[in-house]
>>> print(open('work-v1.cif').read())   # mmCIF, C-alpha atoms
data_my_file
#
loop_
_atom_site.label_atom_id
_atom_site.label_comp_id
_atom_site.auth_asym_id
_atom_site.auth_seq_id
_atom_site.Cartn_x
_atom_site.Cartn_y
_atom_site.Cartn_z
CA MET A 1 0.00 0.00 0.00
CA MET A 2 1.41 3.33 -0.93
CA GLY A 3 1.66 6.24 1.47
CA LEU A 4 -1.53 8.12 1.94
CA ALA A 5 -1.66 11.85 2.19
CA ILE A 6 -5.27 12.51 2.96
CA LEU A 7 -5.96 16.19 2.82
CA PHE A 8 -9.69 15.91 2.72
CA SER A 9 -12.01 14.89 5.48
CA PRO A 10 -14.29 11.98 4.64
CA PRO A 11 -17.43 13.28 2.96
CA PHE A 12 -19.65 11.25 5.20
CA ASP A 13 -18.17 12.15 8.56
CA ASN A 14 -20.91 14.69 8.85
CA GLY A 15 -24.44 13.55 9.26
CA TYR A 16 -26.08 10.85 11.29
CA GLN A 17 -24.16 7.72 12.20
CA ILE A 18 -25.57 4.21 12.64
CA GLY A 19 -27.51 4.09 15.89
CA ASP A 20 -28.28 7.81 15.99
CA THR A 21 -31.81 8.97 16.61
CA VAL A 22 -33.03 10.98 13.67
CA GLU A 23 -34.77 14.30 14.18
CA ASP A 24 -38.21 14.46 12.55
CA PHE A 25 -38.67 16.81 9.60
CA ARG A 26 -41.53 18.52 7.88
CA LEU A 27 -41.15 18.80 4.12
CA LYS A 28 -43.50 19.56 1.25
CA ASN A 29 -44.67 16.63 -0.85
CA VAL A 30 -45.41 16.80 -4.58
CA ASP A 31 -49.14 16.87 -3.68
CA GLY A 32 -48.62 20.12 -1.76
CA LYS A 33 -49.08 18.56 1.67
CA MET A 34 -46.45 18.61 4.39
CA VAL A 35 -45.03 15.25 5.44
CA SER A 36 -43.38 14.25 8.74
CA LEU A 37 -42.34 10.88 10.14
CA ALA A 38 -44.86 11.54 12.94
CA ASP A 39 -47.63 11.26 10.31
CA TYR A 40 -47.06 7.48 10.31
CA PRO A 41 -48.09 6.32 13.80
CA ASP A 42 -48.15 2.65 12.79
CA ALA A 43 -44.79 2.51 11.01
CA LYS A 44 -42.12 0.17 12.36
CA GLY A 45 -39.57 2.19 10.48
CA PHE A 46 -38.88 4.05 7.25
CA ILE A 47 -36.95 3.64 4.03
CA VAL A 48 -35.69 7.16 3.44
CA VAL A 49 -34.32 7.52 -0.09
CA PHE A 50 -32.51 10.57 -1.38
CA THR A 51 -33.30 10.52 -5.07
CA CYS A 52 -33.86 13.03 -7.84
CA ASN A 53 -35.24 13.71 -11.31
CA THR A 54 -32.03 13.85 -13.31
CA CYS A 55 -29.47 11.32 -12.10
CA PRO A 56 -29.59 8.32 -14.44
CA VAL A 57 -28.62 5.93 -11.64
CA ALA A 58 -31.41 7.32 -9.46
CA VAL A 59 -33.89 7.07 -12.34
CA ALA A 60 -32.70 3.51 -13.04
CA ASN A 61 -33.47 2.68 -9.40
CA GLU A 62 -37.04 4.10 -9.42
CA ASP A 63 -38.64 0.76 -10.21
CA ARG A 64 -36.74 -0.78 -7.31
CA ILE A 65 -37.89 2.02 -5.01
CA LEU A 66 -41.49 1.50 -6.14
CA ALA A 67 -41.15 -2.24 -5.49
CA LEU A 68 -39.73 -1.56 -2.03
CA ASP A 69 -42.68 0.68 -1.19
CA GLY A 70 -45.12 -1.90 -2.57
CA ASN A 71 -43.58 -4.71 -0.56
CA TYR A 72 -42.61 -2.99 2.66
CA LYS A 73 -45.24 -0.31 3.26
CA PRO A 74 -47.76 -3.03 4.18
CA LYS A 75 -45.09 -4.52 6.47
CA GLY A 76 -44.56 -1.24 8.30
CA TYR A 77 -41.63 0.29 6.41
CA PRO A 78 -42.93 2.91 3.98
CA VAL A 79 -40.63 4.69 1.53
CA ILE A 80 -40.07 8.42 2.02
CA ALA A 81 -38.24 9.92 -0.96
CA ILE A 82 -36.48 13.26 -0.60
CA ASN A 83 -34.93 15.27 -3.43
CA PRO A 84 -31.71 16.78 -2.07
CA ASN A 85 -30.78 18.74 -5.19
CA ASP A 86 -30.92 22.50 -5.54
CA ALA A 87 -33.08 23.61 -8.45
CA GLY A 88 -31.00 26.78 -8.70
CA VAL A 89 -28.03 24.64 -9.74
CA GLU A 90 -30.03 22.15 -11.82
CA PRO A 91 -33.35 23.61 -13.02
CA ARG A 92 -34.69 20.15 -13.90
CA GLU A 93 -34.80 19.44 -10.17
CA SER A 94 -37.57 22.01 -9.65
CA TYR A 95 -40.68 21.26 -7.60
CA GLU A 96 -42.79 21.30 -10.79
CA GLN A 97 -40.53 18.75 -12.46
CA MET A 98 -40.62 16.61 -9.31
CA GLN A 99 -44.41 16.66 -9.54
CA GLN A 100 -44.21 15.68 -13.18
CA ARG A 101 -41.74 12.85 -12.51
CA ALA A 102 -43.84 11.49 -9.63
CA LYS A 103 -46.91 11.51 -11.84
CA GLU A 104 -45.22 9.96 -14.88
CA LYS A 105 -43.72 7.18 -12.85
CA GLY A 106 -46.73 6.71 -10.56
CA PHE A 107 -44.87 7.19 -7.28
CA THR A 108 -46.81 5.52 -4.45
CA PHE A 109 -44.69 7.26 -1.82
CA PRO A 110 -44.11 10.89 -0.86
CA TYR A 111 -41.48 12.70 -2.92
CA LEU A 112 -40.38 15.62 -0.79
CA LEU A 113 -38.71 18.91 -1.54
CA ASP A 114 -35.82 19.86 0.77
CA PRO A 115 -35.59 23.51 -0.28
CA ASP A 116 -32.75 24.59 2.02
CA GLN A 117 -31.12 21.10 1.93
CA THR A 118 -31.12 20.97 5.75
CA VAL A 119 -32.52 17.46 5.99
CA SER A 120 -30.16 16.15 3.31
CA LYS A 121 -27.20 17.61 5.22
CA ARG A 122 -28.44 16.30 8.54
CA PHE A 123 -28.56 12.79 7.11
CA GLY A 124 -25.16 13.22 5.50
CA ALA A 125 -26.55 12.27 2.09
CA THR A 126 -23.74 12.45 -0.47
CA HIS A 127 -25.28 11.23 -3.71
CA THR A 128 -28.42 10.00 -5.40
CA PRO A 129 -29.73 7.39 -4.91
CA HIS A 130 -28.71 7.09 -1.25
CA THR A 131 -30.88 5.13 1.18
CA PHE A 132 -31.23 5.32 4.95
CA LEU A 133 -33.20 2.72 6.90
CA LEU A 134 -34.81 3.91 10.13
CA GLN A 135 -36.26 1.80 12.91
CA ARG A 136 -38.85 3.23 15.24
CA THR A 137 -37.93 2.59 18.86
CA ALA A 138 -38.99 4.01 22.23
CA GLU A 139 -36.25 6.65 21.80
CA GLY A 140 -37.42 7.66 18.35
CA ASN A 141 -36.41 6.77 14.80
CA THR A 142 -32.91 5.33 14.88
CA LEU A 143 -30.65 4.91 11.88
CA GLN A 144 -29.92 1.25 11.15
CA TYR A 145 -28.55 1.11 7.62
CA ILE A 146 -26.96 3.54 5.15
CA GLY A 147 -26.13 2.95 1.52
CA ALA A 148 -27.29 1.11 -1.55
CA ILE A 149 -30.54 -0.75 -2.23
CA ASP A 150 -28.61 -3.74 -3.59
CA ASN A 151 -25.23 -4.72 -4.98
CA ASP A 152 -25.92 -3.81 -8.60
CA SER A 153 -26.98 -0.18 -8.58
CA ARG A 154 -25.71 0.39 -12.12
CA GLY A 155 -27.16 -2.76 -13.64
CA GLY A 156 -30.34 -4.46 -12.59
CA ASN A 157 -29.23 -7.95 -11.65
CA PRO A 158 -28.29 -7.84 -8.00
CA ASP A 159 -27.50 -11.03 -6.13
CA THR A 160 -27.56 -9.32 -2.74
CA LYS A 161 -30.37 -7.00 -1.68
CA PHE A 162 -28.77 -5.04 1.14
CA LEU A 163 -31.81 -3.02 2.12
CA GLU A 164 -34.22 -5.96 2.17
CA ASP A 165 -31.71 -7.99 4.16
CA ALA A 166 -31.40 -5.10 6.62
CA ILE A 167 -35.18 -4.97 7.12
CA ALA A 168 -35.27 -8.74 7.59
CA ALA A 169 -32.56 -8.42 10.26
CA LEU A 170 -34.53 -5.73 12.11
CA ASP A 171 -37.65 -7.87 12.02
CA GLN A 172 -35.64 -10.68 13.64
CA GLY A 173 -34.40 -8.33 16.34
CA LYS A 174 -30.90 -8.21 14.88
CA SER A 175 -28.67 -5.42 13.63
CA PRO A 176 -28.19 -5.25 9.86
CA ASP A 177 -24.88 -6.62 8.59
CA PRO A 178 -23.54 -4.86 6.62
CA ASN A 179 -24.98 -1.64 8.04
CA THR A 180 -23.16 0.56 5.54
CA THR A 181 -22.59 0.00 1.82
CA ARG A 182 -21.42 2.14 -1.07
CA ALA A 183 -22.61 2.58 -4.61
CA VAL A 184 -21.82 4.74 -7.59
CA GLY A 185 -24.19 7.65 -7.87
CA CYS A 186 -24.55 11.31 -8.76
CA THR A 187 -23.13 14.04 -6.58
CA ILE A 188 -25.77 16.12 -4.83
CA LYS A 189 -26.24 19.55 -6.38
CA TRP A 190 -25.58 21.74 -3.35
CA LYS A 191 -26.55 25.40 -3.42
CA LYS A 192 -23.66 27.53 -4.56
CA GLY A 193 -21.66 28.92 -1.68
CA THR A 194 -22.80 26.41 0.91
CA MET B 1 -8.61 -10.07 -23.99
CA LYS B 2 -6.08 -8.72 -21.48
CA LYS B 3 -3.26 -8.86 -24.04
CA ASN B 4 -5.45 -6.92 -26.36
CA ALA B 5 -6.16 -4.30 -23.73
CA GLN B 6 -2.45 -3.95 -23.00
CA MET B 7 -1.66 -3.52 -26.66
CA ILE B 8 -4.22 -0.79 -26.89
CA ILE B 9 -2.66 0.89 -23.85
CA VAL B 10 0.76 0.68 -25.51
CA ALA B 11 -0.64 1.99 -28.78
CA THR B 12 -2.35 4.82 -26.93
CA ALA B 13 0.86 5.60 -25.05
CA ILE B 14 2.80 5.77 -28.31
CA LEU B 15 0.12 7.96 -29.78
CA LEU B 16 0.27 10.28 -26.79
CA SER B 17 4.05 10.40 -26.78
CA THR B 18 4.05 11.42 -30.44
CA GLY B 19 1.89 14.35 -29.59
CA GLY B 20 -1.47 12.67 -29.91
CA MET B 21 -2.22 14.63 -33.04
CA VAL B 22 -2.75 11.63 -35.27
CA ALA B 23 -6.44 11.16 -35.83
CA VAL B 24 -6.68 7.57 -34.73
CA LYS B 25 -9.81 6.37 -33.06
CA GLN B 26 -9.26 5.69 -29.39
CA ARG B 27 -10.73 2.34 -28.37
CA VAL B 28 -11.41 2.28 -24.67
CA PRO B 29 -9.76 -0.69 -22.93
CA LEU B 30 -11.11 -2.34 -19.81
CA ILE B 31 -8.92 -2.20 -16.74
CA THR B 32 -9.30 -3.85 -13.35
CA LEU B 33 -8.56 -1.84 -10.26
CA ASP B 34 -5.47 -3.99 -9.56
CA GLU B 35 -4.16 -3.28 -13.06
CA LEU B 36 -4.82 0.41 -12.57
CA GLU B 37 -3.05 0.42 -9.20
CA ARG B 38 -0.04 -1.29 -10.78
CA ARG B 39 0.15 1.42 -13.40
CA LEU B 40 -0.01 4.10 -10.74
CA GLU B 41 2.66 2.34 -8.69
CA ASN B 42 4.99 1.88 -11.65
CA GLY B 43 4.58 5.41 -12.92
CA GLY B 44 8.01 6.64 -11.83
CA ASP B 45 7.88 10.40 -11.27
CA THR B 46 4.55 10.75 -13.08
CA THR B 47 1.66 12.41 -11.33
CA PHE B 48 -1.52 10.66 -12.37
CA VAL B 49 -4.73 12.64 -12.30
CA VAL B 50 -7.35 9.92 -12.33
CA ASN B 51 -10.79 11.31 -13.04
CA LEU B 52 -13.68 8.96 -12.24
CA TRP B 53 -16.59 9.67 -14.54
CA ALA B 54 -19.42 8.13 -16.55
CA THR B 55 -21.12 9.00 -19.83
CA TRP B 56 -24.40 9.46 -17.94
CA CYS B 57 -22.93 11.90 -15.42
CA ALA B 58 -23.57 15.45 -16.65
CA PRO B 59 -21.21 17.27 -14.26
CA CYS B 60 -18.47 14.75 -15.14
CA VAL B 61 -18.90 15.41 -18.84
CA ALA B 62 -18.91 19.15 -18.15
CA GLU B 63 -15.55 19.09 -16.35
CA MET B 64 -13.70 16.85 -18.82
CA PRO B 65 -12.40 19.76 -20.92
CA HIS B 66 -10.71 21.15 -17.79
CA PHE B 67 -8.70 17.95 -17.41
CA GLU B 68 -7.79 18.03 -21.11
CA ARG B 69 -6.67 21.62 -20.70
CA LEU B 70 -4.58 20.72 -17.64
CA GLN B 71 -2.90 17.92 -19.59
CA ALA B 72 -2.21 20.26 -22.51
CA LYS B 73 -0.89 23.09 -20.36
CA PHE B 74 1.49 20.83 -18.39
CA ARG B 75 2.44 18.74 -21.39
CA SER B 76 6.14 19.14 -20.56
CA LYS B 77 5.62 17.95 -16.99
CA PRO B 78 5.31 14.35 -15.81
CA LEU B 79 1.53 14.63 -15.63
CA HIS B 80 -0.81 12.01 -16.99
CA VAL B 81 -4.57 12.46 -17.01
CA LEU B 82 -6.54 9.22 -16.96
CA PHE B 83 -10.29 9.28 -17.49
CA VAL B 84 -11.53 6.14 -15.76
CA SER B 85 -15.15 5.44 -16.60
CA VAL B 86 -17.42 3.70 -14.12
CA ASP B 87 -20.00 3.03 -16.82
CA ALA B 88 -21.22 -0.56 -16.75
CA ARG B 89 -19.13 -2.91 -18.90
CA LYS B 90 -22.11 -3.54 -21.18
CA ASP B 91 -21.98 0.15 -22.10
CA LEU B 92 -18.43 -0.03 -23.51
CA GLU B 93 -19.63 0.80 -27.01
CA ALA B 94 -21.43 3.88 -25.73
CA VAL B 95 -18.20 4.93 -24.02
CA ASN B 96 -16.27 4.40 -27.28
CA ARG B 97 -18.79 6.49 -29.18
CA PHE B 98 -18.63 9.20 -26.54
CA VAL B 99 -14.83 9.37 -26.62
CA GLU B 100 -14.89 9.60 -30.40
CA ALA B 101 -17.61 12.25 -30.50
CA ARG B 102 -15.85 14.38 -27.87
CA LYS B 103 -12.45 13.83 -29.49
CA LEU B 104 -10.85 13.23 -26.12
CA LYS B 105 -7.06 13.32 -26.26
CA SER B 106 -6.34 12.00 -22.77
CA GLU B 107 -6.32 8.30 -22.12
CA VAL B 108 -9.71 6.76 -21.34
CA LEU B 109 -10.23 3.45 -19.55
CA LEU B 110 -13.31 1.59 -18.41
CA LEU B 111 -13.11 0.22 -14.89
CA ASP B 112 -13.77 -3.51 -15.12
CA GLU B 113 -15.15 -3.98 -11.63
CA GLN B 114 -18.63 -5.09 -10.59
CA ASN B 115 -18.44 -5.16 -6.81
CA GLU B 116 -18.96 -1.62 -5.57
CA GLN B 117 -18.41 -2.68 -1.95
CA GLU B 118 -14.86 -3.65 -2.89
CA PHE B 119 -13.72 -1.19 -5.49
CA ILE B 120 -15.16 2.04 -4.05
CA PRO B 121 -13.34 1.89 -0.67
CA LYS B 122 -10.19 0.58 -2.40
CA VAL B 123 -10.04 3.65 -4.63
CA SER B 124 -10.38 5.74 -1.48
CA PRO B 125 -11.87 5.23 1.97
CA ASP B 126 -13.23 8.75 1.51
CA TRP B 127 -15.22 7.94 -1.62
CA SER B 128 -18.97 7.63 -1.09
CA GLY B 129 -19.37 6.49 -4.69
CA ALA B 130 -20.54 9.88 -5.96
CA ILE B 131 -19.05 11.06 -9.24
CA PRO B 132 -17.30 13.09 -10.43
CA ALA B 133 -14.38 12.25 -8.20
CA THR B 134 -10.65 12.63 -8.83
CA LEU B 135 -7.56 10.95 -7.47
CA PHE B 136 -4.13 12.61 -7.63
CA VAL B 137 -1.40 10.00 -7.28
CA ASN B 138 2.36 10.18 -7.42
CA ASN B 139 4.08 7.14 -6.04
CA SER B 140 7.63 8.55 -6.02
CA MET B 141 6.43 11.67 -4.18
CA ASP B 142 4.36 9.44 -1.93
CA PHE B 143 1.01 11.12 -2.27
CA ARG B 144 -2.48 9.95 -3.02
CA VAL B 145 -5.06 12.67 -2.66
CA PHE B 146 -8.72 12.03 -3.27
CA LYS B 147 -11.33 14.69 -4.05
CA GLU B 148 -15.02 13.92 -4.29
CA GLN B 149 -16.04 17.12 -6.02
CA GLU B 150 -16.56 18.92 -9.32
CA PHE B 151 -13.75 21.12 -10.61
CA ASP B 152 -13.65 24.23 -12.68
CA TYR B 153 -10.36 24.80 -14.47
CA GLN B 154 -8.85 27.24 -11.99
CA GLU B 155 -9.57 25.02 -9.05
CA LEU B 156 -8.24 21.95 -10.83
CA GLU B 157 -4.96 23.67 -11.70
CA ARG B 158 -4.65 25.13 -8.21
CA THR B 159 -5.29 21.72 -6.64
CA TYR B 160 -2.80 19.98 -8.92
CA LEU B 161 -0.10 22.58 -8.29
CA SER B 162 -0.64 22.67 -4.54
CA ILE B 163 -0.38 18.90 -4.33
CA ILE B 164 2.77 18.53 -6.40
CA THR B 165 4.59 21.38 -4.65
CA GLN B 166 4.00 20.18 -1.12
#
>>> encode(input="work-v1.cif", output="structure tokens")
Amino acid sequence: MMGLAILFSPPFDNGYQIGDTVEDFRLKNVDGKMVSLADYPDAKGFIVVFTCNTCPVAVANEDRILALDGNYKPKGYPVIAINPNDAGVEPRESYEQMQQRAKEKGFTFPYLLDPDQTVSKRFGATHTPHTFLLQRTAEGNTLQYIGAIDNDSRGGNPDTKFLEDAIAALDQGKSPDPNTTRAVGCTIKWKKGT
Amino acid sequence: MKKNAQMIIVATAILLSTGGMVAVKQRVPLITLDELERRLENGGDTTFVVNLWATWCAPCVAEMPHFERLQAKFRSKPLHVLFVSVDARKDLEAVNRFVEARKLKSEVLLLDEQNEQEFIPKVSPDWSGAIPATLFVNNSMDFRVFKEQEFDYQELERTYLSIITQ
């Protein structure tokens, strides 16, 4: 191994770590209504996905996100999608285009605008698609898994479904293993000067 | 297959060393991460600027001319820009077409790795997987600096110069 001169702090040092309790948020959905985790009194947890209109990897994962919502909402883990991108940097990420994308694709889950990117930063989201699995406990919603939906984000033929395995672990009273994975994705379009 | 890829690398290297002005189509070879690491290790005094990109990544495509400009400006220096695509292997033809259409002069490779859990942290423990991302490596000067960010030209040149003059 060659000498490492790391001059850059890890991009995901910031943001929630595994085991942290996540603060609730209140963000506007594509239907105009505000959505919070507290709106789901019966949920056992949440699949929070940072996704967007323009990233081809995110778009290629939409069917998988729809399938997750279809399979896991009835089991107590609804999908909450949040668009972390700034429409000032990428106009195709506007609220109107989010509405259009949700309609075209028939999203069955909320697709939320994070206008000042506070929630995206709090989670430490770095790219789209980026998933965070929360488990509701007596203390609140705790973060149990961060990363990819499966091990073939760029193709469509995964042989390991990380997120589904993580939910199965939680349902058996275990901690997900792995609890953090990585995948190629698109950088988040942060507001200029932030 | 590997032999073939190596021959293309050699051919590309010859092409680059002769000024790269000959209008020969660049065919993009596949490269495993181990093969790439060996090249970086055996690069002598060369500083490799390894830009991780994909044809589908708009900000990556937007910053490519800055890397070409850096290579051209520091042509007399031991600097070698490598565009390493993380497009899926099945999209190799699309990558070839892209390279041809954009008339890229720097060397382009397609990373022949499937397992993101292995190759992403091996490239850098700091890489979340987001692209564009760029690695500055010089084995003889003992540095390996990773940046998960987009560059404009000024920032790229400043970053390159600040790293090599440390």
>>> closest_atom_pairs(input="work-v1.cif", of="segment 44-133 of chain B", to="segment 139-152 of chain A", cutoff="12 Å", atoms="only C-alpha atoms", output="tab-separated table")
residue	atom	partner	partner_atom	distance
B:Ala88	CA	A:Asp152	CA	10.0
B:Glu113	CA	A:Asp152	CA	11.2
B:Gln114	CA	A:Asp152	CA	7.7
B:Asn115	CA	A:Asn151	CA	7.0
B:Glu116	CA	A:Asn151	CA	7.0
B:Gln117	CA	A:Asn151	CA	7.7
B:Glu118	CA	A:Asn151	CA	10.6
B:Ser128	CA	A:Gly147	CA	8.9
B:Gly129	CA	A:Gly147	CA	9.8
B:Ala130	CA	A:Gly147	CA	11.6
>>> residues_around(input="work-v1.cif", residues="Val59 of chain A", least_positions_apart="4", cutoff="10 Å", atoms="all atoms listed in the file", output="PyMOL selection string")
chain A and resi 51-55+63-65+101+105+128-129
>>> closest_residue(input="work-v1.cif", among="B:Arg38, B:Ile120, B:Leu111, B:Lys90", to="Gly156 of chain A", atoms="all atoms listed in the file")
B:Lys90
>>> resolve_selection(input="work-v1.cif", expression="the PyMOL selection byres ((chain B) within 10 of (chain A))", output="MDAnalysis selection string")
chainID B and resid 37 40:41 53:54 56:60 86:90 114:121 124:133 137:150 163
>>> write_last_selection(input="work-v1.cif", atoms="C-alpha atoms", output="mmCIF file, in the frame of the given file")
data_model
loop_
_atom_site.group_PDB
_atom_site.id
_atom_site.type_symbol
_atom_site.label_atom_id
_atom_site.label_comp_id
_atom_site.auth_asym_id
_atom_site.auth_seq_id
_atom_site.Cartn_x
_atom_site.Cartn_y
_atom_site.Cartn_z
ATOM 1 C CA GLU B 37 -3.050 0.420 -9.200
ATOM 2 C CA LEU B 40 -0.010 4.100 -10.740
ATOM 3 C CA GLU B 41 2.660 2.340 -8.690
ATOM 4 C CA TRP B 53 -16.590 9.670 -14.540
ATOM 5 C CA ALA B 54 -19.420 8.130 -16.550
ATOM 6 C CA TRP B 56 -24.400 9.460 -17.940
ATOM 7 C CA CYS B 57 -22.930 11.900 -15.420
ATOM 8 C CA ALA B 58 -23.570 15.450 -16.650
ATOM 9 C CA PRO B 59 -21.210 17.270 -14.260
ATOM 10 C CA CYS B 60 -18.470 14.750 -15.140
ATOM 11 C CA VAL B 86 -17.420 3.700 -14.120
ATOM 12 C CA ASP B 87 -20.000 3.030 -16.820
ATOM 13 C CA ALA B 88 -21.220 -0.560 -16.750
ATOM 14 C CA ARG B 89 -19.130 -2.910 -18.900
ATOM 15 C CA LYS B 90 -22.110 -3.540 -21.180
ATOM 16 C CA GLN B 114 -18.630 -5.090 -10.590
ATOM 17 C CA ASN B 115 -18.440 -5.160 -6.810
ATOM 18 C CA GLU B 116 -18.960 -1.620 -5.570
ATOM 19 C CA GLN B 117 -18.410 -2.680 -1.950
ATOM 20 C CA GLU B 118 -14.860 -3.650 -2.890
ATOM 21 C CA PHE B 119 -13.720 -1.190 -5.490
ATOM 22 C CA ILE B 120 -15.160 2.040 -4.050
ATOM 23 C CA PRO B 121 -13.340 1.890 -0.670
ATOM 24 C CA SER B 124 -10.380 5.740 -1.480
ATOM 25 C CA PRO B 125 -11.870 5.230 1.970
ATOM 26 C CA ASP B 126 -13.230 8.750 1.510
ATOM 27 C CA TRP B 127 -15.220 7.940 -1.620
ATOM 28 C CA SER B 128 -18.970 7.630 -1.090
ATOM 29 C CA GLY B 129 -19.370 6.490 -4.690
ATOM 30 C CA ALA B 130 -20.540 9.880 -5.960
ATOM 31 C CA ILE B 131 -19.050 11.060 -9.240
ATOM 32 C CA PRO B 132 -17.300 13.090 -10.430
ATOM 33 C CA ALA B 133 -14.380 12.250 -8.200
ATOM 34 C CA VAL B 137 -1.400 10.000 -7.280
ATOM 35 C CA ASN B 138 2.360 10.180 -7.420
ATOM 36 C CA ASN B 139 4.080 7.140 -6.040
ATOM 37 C CA SER B 140 7.630 8.550 -6.020
ATOM 38 C CA MET B 141 6.430 11.670 -4.180
ATOM 39 C CA ASP B 142 4.360 9.440 -1.930
ATOM 40 C CA PHE B 143 1.010 11.120 -2.270
ATOM 41 C CA ARG B 144 -2.480 9.950 -3.020
ATOM 42 C CA VAL B 145 -5.060 12.670 -2.660
ATOM 43 C CA PHE B 146 -8.720 12.030 -3.270
ATOM 44 C CA LYS B 147 -11.330 14.690 -4.050
ATOM 45 C CA GLU B 148 -15.020 13.920 -4.290
ATOM 46 C CA GLN B 149 -16.040 17.120 -6.020
ATOM 47 C CA GLU B 150 -16.560 18.920 -9.320
ATOM 48 C CA ILE B 163 -0.380 18.900 -4.330
#
>>> resolve_selection(input="work-v1.cif", expression="the PyMOL selection byres ((chain A and resi 118-122) around 12)", output="ChimeraX atom specification")
/A:11-17,20-27,36,48-51,81-86,112-117,123-128,130-132,188-191,194
>>> atom_distance(input="work-v1.cif", atom1="atom CA of Tyr77 of chain A", atom2="atom CA of Ala60 of chain A")
21.6 Å
>>> atom_distance(input="work-v1.cif", atom1="atom CA of Arg75 of chain B", atom2="atom CA of Arg97 of chain B")
25.7 Å
>>> atom_distance(input="work-v1.cif", atom1="atom CA of Leu92 of chain B", atom2="atom CA of Thr160 of chain A")
24.5 Å
>>> resolve_selection(input="work-v1.cif", expression="the PyMOL selection byres ((chain A and resi 73) around 10)", output="PyMOL selection string")
chain A and resi 43-47+67-72+74-79+108-109
>>> residues_around(input="work-v1.cif", residues="Asp177 of chain A", least_positions_apart="4", cutoff="9 Å", atoms="only C-alpha atoms", output="count of residues only")
5
